[in-house]
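Novice: Please find one structure pasted underneath; my questions will follow.
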Amino acid sequence: MSGPLEGKVALVAGATRGAGRGIAVELGAAGATVYVTGRSTRARRSEYDRPETLEDTADLVTAAGGHGIAVPTDHLDPAQVRTLVDRVADEQGRLDVLVNDIWGGEKLFEWETPVWEHDLDNGLRLLRLAVETHAITSHHALPLLLRGPGGLVVEMTDGTAEYNRDTYRVNFFYDLAKASVLRMAFALGRELGPRGATAVALTPGWLRSEMMLDNYGVREDNWRDALDRAPHFAISETPRYVGRAVAALAADPDVARWNGRSLSSGGLAREYGFTDLDGSRPDAWRYLVEVQDRGKPADVTGYR
């Protein structure tokens, strides 16, 4: 069956798990050919030492209706990224969607720890993984994306520009990383817009990633069992929700209206009409401001 992205080519950098996997699968469900990259493969795990693999993501893309292609890549290595883009160019001759989702910082940051007490090596590596990888990937991939009109770049981050402007996010290094990615989308918008392409920053809400579910000792089929421990987790969403946001953007002929802007999965769900897998439309960032951050009891009525 064909979909709205039939014939389109996407590269999801950082697609082994979490939001990247959800995005890759939903692009596949819309009919796209999706190159997925990361460092965890069936032959070798990254320092995360988790069971999710890049090949599994590619298989899920194909099963959803697209064509998934796994290309193990360390996006801190410019030579590997250049080889990746050359392969996409040789095999497809085009790139329509670039999703910069590389992160890898979950085990590197310390909650609410000031910069002078935080492990410096971990903090600097977090910045390299969260910021430098995106810059390297854009440097090598954007000439291919600009070969044709209408290309889309999605910079994945945590938090909207408005929320992060007024809210201290975890610690110095985390805060800086997420603000930097938001600014990357703004800068890319200025550079790409006049050349016929669009760049946006996009954040999921409270994501029920594999690691988050493990943190609460639950699975996707019983995630509500975590609400006794974390009542506000009721606003959480699957990685497929933000994936549907990216697929909707990629299929929108008027996507340029979003150029340079900061977007969220919940906000785009209202705009495009898609839902999460359970049929709901969680609006996490509005909920965080109006309920959680005001110290109100957990109540998602009107927010999903």
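Each chain in the structure tokens gets a letter, A, B, ..., in the order shown, and its residues are numbered from 1; ligands are numbered from 1 in order too.
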Skip segment 175-180 of chain A itself and residues of its chain fewer than 2 positions away, then list as a list in words all residues within 8 Å of it, counting only C-alpha atoms.
Specialist: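 Near neighbours after the sequence-gap exclusion: Leu126, Leu127, Ala130, Val131, Thr157, Asp158, Gly159, Ala161, Asn164, Tyr168, Arg169, Val170, Asn171, Phe172, Phe173, Leu182, Arg183 and Met184 of chain A.
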Novice: Can those selected residues be exported to a file as a PDB file, in the first residue's frame so that it contains N, CA, C and O atoms?
Specialist:
```pdb
ATOM      1  N   LEU A 126      28.493  14.881  27.045  1.00  0.00           N
ATOM      2  CA  LEU A 126      27.062  15.104  26.783  1.00  0.00           C
ATOM      3  C   LEU A 126      26.888  16.198  25.728  1.00  0.00           C
ATOM      4  O   LEU A 126      26.101  16.049  24.787  1.00  0.00           O
ATOM      5  N   LEU A 127      27.644  17.287  25.866  1.00  0.00           N
ATOM      6  CA  LEU A 127      27.531  18.367  24.891  1.00  0.00           C
ATOM      7  C   LEU A 127      27.986  17.914  23.514  1.00  0.00           C
ATOM      8  O   LEU A 127      27.382  18.281  22.495  1.00  0.00           O
ATOM      9  N   ALA A 130      25.186  15.673  22.095  1.00  0.00           N
ATOM     10  CA  ALA A 130      23.912  16.345  21.856  1.00  0.00           C
ATOM     11  C   ALA A 130      23.996  17.478  20.849  1.00  0.00           C
ATOM     12  O   ALA A 130      22.995  17.812  20.209  1.00  0.00           O
ATOM     13  N   VAL A 131      25.165  18.074  20.700  1.00  0.00           N
ATOM     14  CA  VAL A 131      25.295  19.263  19.856  1.00  0.00           C
ATOM     15  C   VAL A 131      26.225  19.014  18.673  1.00  0.00           C
ATOM     16  O   VAL A 131      25.864  19.247  17.514  1.00  0.00           O
ATOM     17  N   THR A 157      14.677  17.776  20.364  1.00  0.00           N
ATOM     18  CA  THR A 157      15.171  18.280  21.631  1.00  0.00           C
ATOM     19  C   THR A 157      14.194  17.914  22.736  1.00  0.00           C
ATOM     20  O   THR A 157      13.289  17.100  22.538  1.00  0.00           O
ATOM     21  N   ASP A 158      14.379  18.484  23.906  1.00  0.00           N
ATOM     22  CA  ASP A 158      13.495  18.256  25.044  1.00  0.00           C
ATOM     23  C   ASP A 158      13.044  19.608  25.566  1.00  0.00           C
ATOM     24  O   ASP A 158      13.836  20.352  26.149  1.00  0.00           O
ATOM     25  N   GLY A 159      11.783  19.941  25.328  1.00  0.00           N
ATOM     26  CA  GLY A 159      11.236  21.206  25.773  1.00  0.00           C
ATOM     27  C   GLY A 159      11.051  22.177  24.626  1.00  0.00           C
ATOM     28  O   GLY A 159      11.854  22.222  23.692  1.00  0.00           O
ATOM     29  N   ALA A 161      10.842  26.057  23.032  1.00  0.00           N
ATOM     30  CA  ALA A 161      11.655  27.249  23.253  1.00  0.00           C
ATOM     31  C   ALA A 161      11.075  28.089  24.386  1.00  0.00           C
ATOM     32  O   ALA A 161      11.811  28.617  25.223  1.00  0.00           O
ATOM     33  N   ASN A 164      11.694  26.178  27.831  1.00  0.00           N
ATOM     34  CA  ASN A 164      13.100  26.150  28.228  1.00  0.00           C
ATOM     35  C   ASN A 164      13.661  27.542  28.502  1.00  0.00           C
ATOM     36  O   ASN A 164      14.622  27.674  29.257  1.00  0.00           O
ATOM     37  N   TYR A 168      14.693  26.139  34.328  1.00  0.00           N
ATOM     38  CA  TYR A 168      16.004  25.496  34.483  1.00  0.00           C
ATOM     39  C   TYR A 168      15.836  24.008  34.243  1.00  0.00           C
ATOM     40  O   TYR A 168      15.071  23.339  34.920  1.00  0.00           O
ATOM     41  N   ARG A 169      16.559  23.460  33.272  1.00  0.00           N
ATOM     42  CA  ARG A 169      16.381  22.087  32.867  1.00  0.00           C
ATOM     43  C   ARG A 169      17.515  21.200  33.399  1.00  0.00           C
ATOM     44  O   ARG A 169      18.597  21.129  32.835  1.00  0.00           O
ATOM     45  N   VAL A 170      17.287  20.592  34.551  1.00  0.00           N
ATOM     46  CA  VAL A 170      18.102  19.514  35.115  1.00  0.00           C
ATOM     47  C   VAL A 170      19.450  20.001  35.657  1.00  0.00           C
ATOM     48  O   VAL A 170      19.748  19.842  36.831  1.00  0.00           O
ATOM     49  N   ASN A 171      20.317  20.522  34.812  1.00  0.00           N
ATOM     50  CA  ASN A 171      21.602  21.071  35.249  1.00  0.00           C
ATOM     51  C   ASN A 171      22.196  21.901  34.115  1.00  0.00           C
ATOM     52  O   ASN A 171      21.623  22.000  33.025  1.00  0.00           O
ATOM     53  N   PHE A 172      23.359  22.481  34.358  1.00  0.00           N
ATOM     54  CA  PHE A 172      24.019  23.351  33.388  1.00  0.00           C
ATOM     55  C   PHE A 172      24.193  22.670  32.040  1.00  0.00           C
ATOM     56  O   PHE A 172      23.869  23.241  30.991  1.00  0.00           O
ATOM     57  N   PHE A 173      24.733  21.459  32.025  1.00  0.00           N
ATOM     58  CA  PHE A 173      25.058  20.793  30.767  1.00  0.00           C
ATOM     59  C   PHE A 173      23.799  20.389  30.013  1.00  0.00           C
ATOM     60  O   PHE A 173      23.714  20.571  28.784  1.00  0.00           O
ATOM     61  N   LEU A 182      17.586  23.846  20.102  1.00  0.00           N
ATOM     62  CA  LEU A 182      16.528  24.770  19.709  1.00  0.00           C
ATOM     63  C   LEU A 182      17.087  25.883  18.831  1.00  0.00           C
ATOM     64  O   LEU A 182      16.495  26.259  17.805  1.00  0.00           O
ATOM     65  N   ARG A 183      18.233  26.403  19.209  1.00  0.00           N
ATOM     66  CA  ARG A 183      18.837  27.481  18.436  1.00  0.00           C
ATOM     67  C   ARG A 183      19.344  26.986  17.085  1.00  0.00           C
ATOM     68  O   ARG A 183      19.333  27.727  16.087  1.00  0.00           O
ATOM     69  N   MET A 184      19.795  25.722  17.036  1.00  0.00           N
ATOM     70  CA  MET A 184      20.201  25.136  15.761  1.00  0.00           C
ATOM     71  C   MET A 184      19.062  25.189  14.747  1.00  0.00           C
ATOM     72  O   MET A 184      19.270  25.538  13.575  1.00  0.00           O
TER      73      MET A 184
END
```
Novice: From a backbone DSSP assignment, name each residue in segment 44-237 of chain A labelled alpha helix (DSSP H), as a PyMOL selection string.
Specialist: chain A and resi 54-64+78-92+120-127+133-145+161-166+172-192+210-216
Novice: With distances taken over only C-alpha atoms, which residue among A:Ile235, A:Gly260, A:Tyr35, A:Val242 lies nearest Tyr303 of chain A?
Specialist: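 Of the candidates, the smallest distance to Tyr303 of chain A is held by A:Ile235.
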Novice: Which residue out of A:Met156, A:Ala248, A:Val181, A:Val85 has the minimum interatomic distance to His139 of chain A when only C-alpha atoms are used?
Specialist: A:Val85
Novice: Taking 4 positions as the minimum chain separation for residues in the same chain, which residues sit within 7 Å of segment 16-19 of chain A when counting only C-alpha atoms? Answer as a list in words.
Specialist: Ile23, Gly38, Ser40, Glu52, Thr53, Leu54, Thr57, Ser209, Glu210, Pro239 and Val242 of chain A
Novice: Using the selection just defined, write its residues with all heavy atoms as a PDB file, in the first residue's frame.
Specialist:
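The resulting file, out_35.pdb, is shown below:
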```pdb
ATOM      1  N   ILE A  23       9.908   7.720  15.382  1.00  0.00           N
ATOM      2  CA  ILE A  23       9.871   8.547  14.174  1.00  0.00           C
ATOM      3  C   ILE A  23      10.141   7.703  12.940  1.00  0.00           C
ATOM      4  O   ILE A  23       9.440   7.811  11.924  1.00  0.00           O
ATOM      5  CB  ILE A  23      10.895   9.690  14.296  1.00  0.00           C
ATOM      6  CG1 ILE A  23      10.463  10.674  15.380  1.00  0.00           C
ATOM      7  CG2 ILE A  23      11.070  10.402  12.954  1.00  0.00           C
ATOM      8  CD1 ILE A  23      11.552  11.640  15.804  1.00  0.00           C
ATOM      9  N   GLY A  38      22.798   4.623  14.215  1.00  0.00           N
ATOM     10  CA  GLY A  38      23.068   4.549  15.638  1.00  0.00           C
ATOM     11  C   GLY A  38      24.292   3.687  15.865  1.00  0.00           C
ATOM     12  O   GLY A  38      24.963   3.267  14.912  1.00  0.00           O
ATOM     13  N   SER A  40      24.253   0.977  18.379  1.00  0.00           N
ATOM     14  CA  SER A  40      23.914  -0.321  18.973  1.00  0.00           C
ATOM     15  C   SER A  40      23.425  -1.262  17.890  1.00  0.00           C
ATOM     16  O   SER A  40      22.365  -1.033  17.293  1.00  0.00           O
ATOM     17  CB  SER A  40      22.831  -0.164  20.046  1.00  0.00           C
ATOM     18  OG  SER A  40      23.314   0.584  21.142  1.00  0.00           O
ATOM     19  N   GLU A  52      18.059  -2.957  22.617  1.00  0.00           N
ATOM     20  CA  GLU A  52      17.538  -2.435  21.352  1.00  0.00           C
ATOM     21  C   GLU A  52      18.673  -2.300  20.339  1.00  0.00           C
ATOM     22  O   GLU A  52      19.771  -1.876  20.700  1.00  0.00           O
ATOM     23  CB  GLU A  52      16.888  -1.060  21.556  1.00  0.00           C
ATOM     24  CG  GLU A  52      15.748  -1.045  22.546  1.00  0.00           C
ATOM     25  CD  GLU A  52      16.204  -0.822  23.967  1.00  0.00           C
ATOM     26  OE1 GLU A  52      17.339  -0.344  24.170  1.00  0.00           O
ATOM     27  OE2 GLU A  52      15.426  -1.145  24.890  1.00  0.00           O
ATOM     28  N   THR A  53      18.386  -2.652  19.095  1.00  0.00           N
ATOM     29  CA  THR A  53      19.412  -2.570  18.056  1.00  0.00           C
ATOM     30  C   THR A  53      18.908  -1.790  16.852  1.00  0.00           C
ATOM     31  O   THR A  53      17.697  -1.673  16.616  1.00  0.00           O
ATOM     32  CB  THR A  53      19.865  -3.959  17.577  1.00  0.00           C
ATOM     33  OG1 THR A  53      18.819  -4.557  16.804  1.00  0.00           O
ATOM     34  CG2 THR A  53      20.246  -4.857  18.742  1.00  0.00           C
ATOM     35  N   LEU A  54      19.859  -1.320  16.101  1.00  0.00           N
ATOM     36  CA  LEU A  54      19.555  -0.582  14.884  1.00  0.00           C
ATOM     37  C   LEU A  54      18.839  -1.454  13.859  1.00  0.00           C
ATOM     38  O   LEU A  54      17.890  -1.015  13.196  1.00  0.00           O
ATOM     39  CB  LEU A  54      20.865  -0.061  14.302  1.00  0.00           C
ATOM     40  CG  LEU A  54      20.793   1.058  13.270  1.00  0.00           C
ATOM     41  CD1 LEU A  54      20.117   2.280  13.863  1.00  0.00           C
ATOM     42  CD2 LEU A  54      22.205   1.391  12.820  1.00  0.00           C
ATOM     43  N   THR A  57      15.189  -1.706  14.552  1.00  0.00           N
ATOM     44  CA  THR A  57      14.452  -0.529  14.086  1.00  0.00           C
ATOM     45  C   THR A  57      14.175  -0.616  12.597  1.00  0.00           C
ATOM     46  O   THR A  57      13.053  -0.351  12.134  1.00  0.00           O
ATOM     47  CB  THR A  57      15.231   0.756  14.404  1.00  0.00           C
ATOM     48  OG1 THR A  57      15.414   0.875  15.821  1.00  0.00           O
ATOM     49  CG2 THR A  57      14.474   1.983  13.904  1.00  0.00           C
ATOM     50  N   SER A 209       9.695   6.007  26.585  1.00  0.00           N
ATOM     51  CA  SER A 209      10.762   5.287  25.892  1.00  0.00           C
ATOM     52  C   SER A 209      11.053   3.983  26.606  1.00  0.00           C
ATOM     53  O   SER A 209      10.587   3.736  27.730  1.00  0.00           O
ATOM     54  CB  SER A 209      12.022   6.142  25.863  1.00  0.00           C
ATOM     55  OG  SER A 209      12.518   6.319  27.191  1.00  0.00           O
ATOM     56  N   GLU A 210      11.857   3.153  25.971  1.00  0.00           N
ATOM     57  CA  GLU A 210      12.235   1.880  26.587  1.00  0.00           C
ATOM     58  C   GLU A 210      12.934   2.106  27.924  1.00  0.00           C
ATOM     59  O   GLU A 210      12.683   1.403  28.912  1.00  0.00           O
ATOM     60  CB  GLU A 210      13.151   1.087  25.647  1.00  0.00           C
ATOM     61  CG  GLU A 210      12.529   0.721  24.315  1.00  0.00           C
ATOM     62  CD  GLU A 210      12.706   1.787  23.245  1.00  0.00           C
ATOM     63  OE1 GLU A 210      13.125   2.924  23.587  1.00  0.00           O
ATOM     64  OE2 GLU A 210      12.417   1.505  22.067  1.00  0.00           O
ATOM     65  N   PRO A 239       6.604   6.820  21.872  1.00  0.00           N
ATOM     66  CA  PRO A 239       7.475   7.400  20.848  1.00  0.00           C
ATOM     67  C   PRO A 239       6.814   7.517  19.478  1.00  0.00           C
ATOM     68  O   PRO A 239       7.243   8.331  18.649  1.00  0.00           O
ATOM     69  CB  PRO A 239       8.655   6.425  20.806  1.00  0.00           C
ATOM     70  CG  PRO A 239       8.698   5.815  22.171  1.00  0.00           C
ATOM     71  CD  PRO A 239       7.254   5.674  22.555  1.00  0.00           C
ATOM     72  N   VAL A 242       5.267  11.259  18.653  1.00  0.00           N
ATOM     73  CA  VAL A 242       6.136  12.263  18.022  1.00  0.00           C
ATOM     74  C   VAL A 242       6.537  11.803  16.625  1.00  0.00           C
ATOM     75  O   VAL A 242       6.794  12.628  15.740  1.00  0.00           O
ATOM     76  CB  VAL A 242       7.356  12.571  18.905  1.00  0.00           C
ATOM     77  CG1 VAL A 242       8.399  11.457  18.874  1.00  0.00           C
ATOM     78  CG2 VAL A 242       7.988  13.905  18.506  1.00  0.00           C
TER      79      VAL A 242
END
```
